[in-house]
Amino acid sequence: MSKGSVNKVILIGNLGSDPEVRFTPSGVQVANFSLATSESWTDKAGERQERAEWHRIVLWRRLAEVAGQYLKKGSKIYIEGKLQTRSWEDQNGQKRYTTEVVANSLEMLEGGQAAVTAEVDMAYSNSPAGVPVFAGVPSDDGLPF
Amino acid sequence: MSSLNMPNINQVALSGRLVQDPDFRFVENGAARLSGRIAVNRSYRDRNEEWQEETSFFDIVLWQKAAEAFSQRLHKGTPIFATGRLQSHSWRDSEDQPHSRIEVQVRNLQILEKGQEPTDGEEVDTEAALQAA
């Protein structure tokens with residue numbers, strides 16, 4: 001429980017990559033993946049615009065296991081969790097920060113059918129920034145314990 | 001069971017205090033932008049059943065009328081409740097290193113001062129925010 005403060009994130013989107021599942025040195029299972037939420041709006045000129053937003057998702061323990069077993073690139077999911085920032089050091093010893101969504105609830109909305117995967121591929125190419133920049137995040141970087 | 005055709009959803013709700021006076025400016029396209037950082041505390045019991053407190057910092061952004069309206073009302077220490085969407089923002093620094101930051105694009109904001117009647121919050125023009133971003 002937490003006393004009198006709110007930190008809640010709700011996302012529905014598609015996985016941009018297969019989950020990366022591993023164990024911490026203390027034996028706790030953890031899964032990471034990126035999730036795209038696409039949104040569309042009409043601009044001043046009346047043109048329909050679409051943009052994908054990318055989120056870093058972290059799941060622990062049982063949810064990590066479920067993610068590893070059932071989720072893959074393209075899967076559409078609902079997650080509920082909290083926003084968390086952690087710091088790590090890049091190869092130049094610079095302190096860097098990453099903000100992630102730590103999920104505490106997960107619903108699978110669709111399997112990873114071909115159509116869904118195709119949509120995500122489109123989201124990648126339509127995203128103005130292209131593939132999200134998580135560069136420099138070491139794959140086995142600072143877990144909270 | 002046939003699945004519901006769920007739209008994409010990107011929603012966030014945070015309560016916290018501004019850690020400094022927010023920054024109000026007009027960006028290149030003339031849009032008013034108010035940005036600030038809030039500290040969000042979380043209390044939890046550790047393995048030894050001791051209460052621990054952990055603080056995370058998040059950046060929030062308001063645009064246009066909301067930015068102007070709140071620029072005079074938000075200060076270092078102001079407690080707020082904000083809802084909106086998460087948006088990432090990437091750039092390269094002077095040494096060509098990639099950076100990326102997550103901001104909350106605020107859609108609704110309430111000031112949580114003691115002694116003030118809670119209000120319904122103030123809606124922010126999301127379309128304008130999207131276009132300005």
# chains A, B, ... in the order shown; residues from 1 in each chain; ligands from 1
>>> closest_atom_pairs(of="chain A", to="chain B", cutoff="10 Å", atoms="only C-alpha atoms", output="Markdown table")
| residue | atom | partner | partner_atom | distance |
| --- | --- | --- | --- | --- |
| A:Met1 | CA | B:Tyr44 | CA | 6.0 |
| A:Ser2 | CA | B:Ser43 | CA | 4.7 |
| A:Lys3 | CA | B:Ser43 | CA | 6.0 |
| A:Gly4 | CA | B:Arg42 | CA | 8.6 |
| A:Ser5 | CA | B:Ser15 | CA | 5.6 |
| A:Val6 | CA | B:Ser15 | CA | 5.0 |
| A:Asn7 | CA | B:Leu14 | CA | 4.6 |
| A:Lys8 | CA | B:Ala13 | CA | 5.2 |
| A:Val9 | CA | B:Val12 | CA | 4.3 |
| A:Ile10 | CA | B:Gln11 | CA | 5.1 |
| A:Leu11 | CA | B:Asn10 | CA | 4.7 |
| A:Ile12 | CA | B:Ile9 | CA | 4.6 |
| A:Gly13 | CA | B:Asn8 | CA | 5.3 |
| A:Asn14 | CA | B:Asn8 | CA | 8.5 |
| A:Ala36 | CA | B:Asn8 | CA | 8.7 |
| A:Thr37 | CA | B:Asn8 | CA | 5.5 |
| A:Ser38 | CA | B:Asn8 | CA | 6.2 |
| A:Glu39 | CA | B:Asn8 | CA | 7.0 |
| A:Ser40 | CA | B:Leu130 | CA | 9.6 |
| A:Trp41 | CA | B:Glu127 | CA | 7.2 |
| A:Thr42 | CA | B:Glu127 | CA | 8.1 |
| A:Asp43 | CA | B:Gln131 | CA | 6.9 |
| A:Lys44 | CA | B:Gln131 | CA | 8.3 |
| A:Gln49 | CA | B:Gln131 | CA | 9.6 |
| A:Arg51 | CA | B:Leu130 | CA | 9.8 |
| A:Ala52 | CA | B:Gln87 | CA | 9.6 |
| A:Glu53 | CA | B:Gln87 | CA | 6.3 |
| A:Trp54 | CA | B:Ser88 | CA | 7.0 |
| A:His55 | CA | B:Ser88 | CA | 7.8 |
| A:Arg56 | CA | B:Ile102 | CA | 10.0 |
| A:Lys76 | CA | B:Asn8 | CA | 9.1 |
| A:Ile77 | CA | B:Asn8 | CA | 9.4 |
| A:Tyr78 | CA | B:Ile9 | CA | 8.5 |
| A:Ile79 | CA | B:Ile9 | CA | 9.8 |
| A:Glu80 | CA | B:Gln11 | CA | 9.6 |
| A:Gly81 | CA | B:Val12 | CA | 9.4 |
| A:Lys82 | CA | B:Val12 | CA | 8.5 |
| A:Leu83 | CA | B:Val12 | CA | 8.4 |
| A:Gln84 | CA | B:Ser56 | CA | 6.6 |
| A:Thr85 | CA | B:Ser56 | CA | 6.2 |
| A:Arg86 | CA | B:Ser56 | CA | 8.4 |
| A:Arg96 | CA | B:His99 | CA | 8.3 |
| A:Tyr97 | CA | B:Arg101 | CA | 7.9 |
| A:Thr98 | CA | B:Arg101 | CA | 7.2 |
| A:Thr99 | CA | B:Ile102 | CA | 6.2 |
| A:Glu100 | CA | B:Ile102 | CA | 8.5 |
| A:Met108 | CA | B:Ser3 | CA | 9.9 |
| A:Leu109 | CA | B:Ser3 | CA | 6.8 |
| A:Glu110 | CA | B:Ser3 | CA | 7.1 |
| A:Ala129 | CA | B:Ser90 | CA | 7.8 |
| A:Pro132 | CA | B:Ser90 | CA | 8.4 |
| A:Val133 | CA | B:Ser100 | CA | 6.7 |
| A:Phe134 | CA | B:Ser100 | CA | 7.3 |
| A:Ala135 | CA | B:Pro98 | CA | 7.0 |
| A:Gly136 | CA | B:Pro98 | CA | 7.9 |
>>> select_by_dssp(residues="range 32-120 of chain B", states="helix (DSSP H, G or I)", output="MDAnalysis selection string")
chainID B and resid 64:71
>>> atom_distance(atom1="CA of Phe24 in chain B", atom2="CA of Leu112 in chain B")
20.7 Å
>>> select_by_dssp(residues="chain B", states="strand (DSSP E or B)", output="VMD selection string")
chain B and resid 9 to 18 23 to 26 32 to 45 51 to 63 79 to 92 98 to 111 122 to 123
>>> residues_around(residues="Asp18 in chain A", least_positions_apart="2", cutoff="10 Å", atoms="only C-alpha atoms", output="JSON, numbers by chain")
{"A": [15, 16, 20, 21, 31, 32, 33, 34, 67, 68, 70, 71, 72, 73, 74, 75]}
>>> write_last_selection(atoms="N, CA, C and O atoms", output="PDB file, in the first residue's frame")
ATOM      1  N   LEU A  15       2.913  -5.052 -28.622  1.00  0.00           N
ATOM      2  CA  LEU A  15       4.335  -5.254 -28.348  1.00  0.00           C
ATOM      3  C   LEU A  15       5.160  -4.978 -29.606  1.00  0.00           C
ATOM      4  O   LEU A  15       4.837  -5.464 -30.688  1.00  0.00           O
ATOM      5  N   GLY A  16       6.221  -4.218 -29.431  1.00  0.00           N
ATOM      6  CA  GLY A  16       7.103  -3.915 -30.559  1.00  0.00           C
ATOM      7  C   GLY A  16       8.240  -4.913 -30.669  1.00  0.00           C
ATOM      8  O   GLY A  16       9.015  -4.872 -31.626  1.00  0.00           O
ATOM      9  N   GLU A  20      11.846  -9.876 -23.440  1.00  0.00           N
ATOM     10  CA  GLU A  20      13.169 -10.376 -23.072  1.00  0.00           C
ATOM     11  C   GLU A  20      13.046 -10.791 -21.611  1.00  0.00           C
ATOM     12  O   GLU A  20      12.809  -9.956 -20.740  1.00  0.00           O
ATOM     13  N   VAL A  21      13.147 -12.088 -21.362  1.00  0.00           N
ATOM     14  CA  VAL A  21      12.917 -12.595 -20.016  1.00  0.00           C
ATOM     15  C   VAL A  21      14.225 -13.107 -19.433  1.00  0.00           C
ATOM     16  O   VAL A  21      14.983 -13.796 -20.109  1.00  0.00           O
ATOM     17  N   ALA A  31      10.772  -9.487 -16.972  1.00  0.00           N
ATOM     18  CA  ALA A  31      10.589  -9.398 -18.426  1.00  0.00           C
ATOM     19  C   ALA A  31      10.557  -7.927 -18.834  1.00  0.00           C
ATOM     20  O   ALA A  31      10.023  -7.083 -18.108  1.00  0.00           O
ATOM     21  N   ASN A  32      11.137  -7.631 -19.986  1.00  0.00           N
ATOM     22  CA  ASN A  32      11.124  -6.283 -20.561  1.00  0.00           C
ATOM     23  C   ASN A  32      10.657  -6.347 -22.009  1.00  0.00           C
ATOM     24  O   ASN A  32      11.002  -7.280 -22.720  1.00  0.00           O
ATOM     25  N   PHE A  33       9.894  -5.349 -22.413  1.00  0.00           N
ATOM     26  CA  PHE A  33       9.605  -5.191 -23.847  1.00  0.00           C
ATOM     27  C   PHE A  33       9.146  -3.766 -24.092  1.00  0.00           C
ATOM     28  O   PHE A  33       8.893  -3.005 -23.145  1.00  0.00           O
ATOM     29  N   SER A  34       9.054  -3.406 -25.360  1.00  0.00           N
ATOM     30  CA  SER A  34       8.514  -2.091 -25.702  1.00  0.00           C
ATOM     31  C   SER A  34       7.079  -2.273 -26.180  1.00  0.00           C
ATOM     32  O   SER A  34       6.735  -3.294 -26.774  1.00  0.00           O
ATOM     33  N   ALA A  67       4.414 -13.362 -19.458  1.00  0.00           N
ATOM     34  CA  ALA A  67       4.839 -12.612 -20.639  1.00  0.00           C
ATOM     35  C   ALA A  67       5.734 -13.473 -21.518  1.00  0.00           C
ATOM     36  O   ALA A  67       5.577 -13.520 -22.740  1.00  0.00           O
ATOM     37  N   GLY A  68       6.689 -14.164 -20.875  1.00  0.00           N
ATOM     38  CA  GLY A  68       7.620 -15.004 -21.630  1.00  0.00           C
ATOM     39  C   GLY A  68       6.912 -16.137 -22.346  1.00  0.00           C
ATOM     40  O   GLY A  68       7.290 -16.544 -23.441  1.00  0.00           O
ATOM     41  N   TYR A  70       3.458 -16.284 -23.198  1.00  0.00           N
ATOM     42  CA  TYR A  70       2.325 -16.006 -24.079  1.00  0.00           C
ATOM     43  C   TYR A  70       2.464 -14.780 -24.964  1.00  0.00           C
ATOM     44  O   TYR A  70       1.693 -14.610 -25.900  1.00  0.00           O
ATOM     45  N   LEU A  71       3.378 -13.882 -24.658  1.00  0.00           N
ATOM     46  CA  LEU A  71       3.434 -12.648 -25.441  1.00  0.00           C
ATOM     47  C   LEU A  71       4.546 -12.703 -26.465  1.00  0.00           C
ATOM     48  O   LEU A  71       5.599 -13.288 -26.224  1.00  0.00           O
ATOM     49  N   LYS A  72       4.291 -12.077 -27.601  1.00  0.00           N
ATOM     50  CA  LYS A  72       5.354 -11.938 -28.589  1.00  0.00           C
ATOM     51  C   LYS A  72       5.129 -10.640 -29.349  1.00  0.00           C
ATOM     52  O   LYS A  72       4.093  -9.971 -29.163  1.00  0.00           O
ATOM     53  N   LYS A  73       6.077 -10.311 -30.177  1.00  0.00           N
ATOM     54  CA  LYS A  73       5.960  -9.097 -30.978  1.00  0.00           C
ATOM     55  C   LYS A  73       4.592  -9.058 -31.651  1.00  0.00           C
ATOM     56  O   LYS A  73       4.190 -10.041 -32.273  1.00  0.00           O
ATOM     57  N   GLY A  74       3.877  -7.972 -31.524  1.00  0.00           N
ATOM     58  CA  GLY A  74       2.567  -7.832 -32.149  1.00  0.00           C
ATOM     59  C   GLY A  74       1.401  -8.090 -31.216  1.00  0.00           C
ATOM     60  O   GLY A  74       0.297  -7.646 -31.484  1.00  0.00           O
ATOM     61  N   SER A  75       1.614  -8.829 -30.126  1.00  0.00           N
ATOM     62  CA  SER A  75       0.512  -9.119 -29.203  1.00  0.00           C
ATOM     63  C   SER A  75      -0.119  -7.822 -28.705  1.00  0.00           C
ATOM     64  O   SER A  75       0.582  -6.864 -28.394  1.00  0.00           O
TER      65      SER A  75
END
>>> atom_distance(atom1="CA of Arg47 in chain B", atom2="CA of Pro25 in chain A")
18.0 Å
>>> residues_around(residues="Lys76 in chain B", least_positions_apart="3", cutoff="7 Å", atoms="only C-alpha atoms", output="compact mmCIF listing (two decimals) with C-alpha atoms, in the first residue's frame")
# COMPACT_ATOMS: atom_id res chain seq x y z
CA LEU B 18 6.50 20.49 -7.98
CA VAL B 19 10.19 20.39 -7.12
CA GLN B 20 10.87 23.81 -8.62
CA ASP B 21 9.01 26.71 -10.19
>>> atom_distance(atom1="CA of Ser94 in chain B", atom2="CA of Ala31 in chain B")
25.4 Å
>>> residues_around(residues="Arg17 in chain B", least_positions_apart="2", cutoff="6 Å", atoms="only C-alpha atoms", output="PDB file with N, CA and C atoms, in the first residue's frame")
ATOM      1  N   ILE B  38       7.682  16.973 -11.091  1.00  0.00           N
ATOM      2  CA  ILE B  38       7.039  16.680  -9.810  1.00  0.00           C
ATOM      3  C   ILE B  38       7.712  15.492  -9.126  1.00  0.00           C
ATOM      4  N   ALA B  39       7.694  15.545  -7.813  1.00  0.00           N
ATOM      5  CA  ALA B  39       8.192  14.434  -6.996  1.00  0.00           C
ATOM      6  C   ALA B  39       6.990  13.621  -6.552  1.00  0.00           C
ATOM      7  N   GLY B  77       6.830  23.332  -4.775  1.00  0.00           N
ATOM      8  CA  GLY B  77       6.113  22.832  -3.605  1.00  0.00           C
ATOM      9  C   GLY B  77       4.614  22.672  -3.791  1.00  0.00           C
ATOM     10  N   THR B  78       4.047  23.236  -4.876  1.00  0.00           N
ATOM     11  CA  THR B  78       2.596  23.121  -5.088  1.00  0.00           C
ATOM     12  C   THR B  78       2.214  21.645  -5.274  1.00  0.00           C
ATOM     13  N   PRO B  79       1.246  21.160  -4.474  1.00  0.00           N
ATOM     14  CA  PRO B  79       0.806  19.780  -4.668  1.00  0.00           C
ATOM     15  C   PRO B  79      -0.252  19.709  -5.774  1.00  0.00           C
TER      16      PRO B  79
END
>>> residues_around(residues="Gln29 in chain A", least_positions_apart="3", cutoff="8 Å", atoms="only C-alpha atoms", output="count of residues only")
9
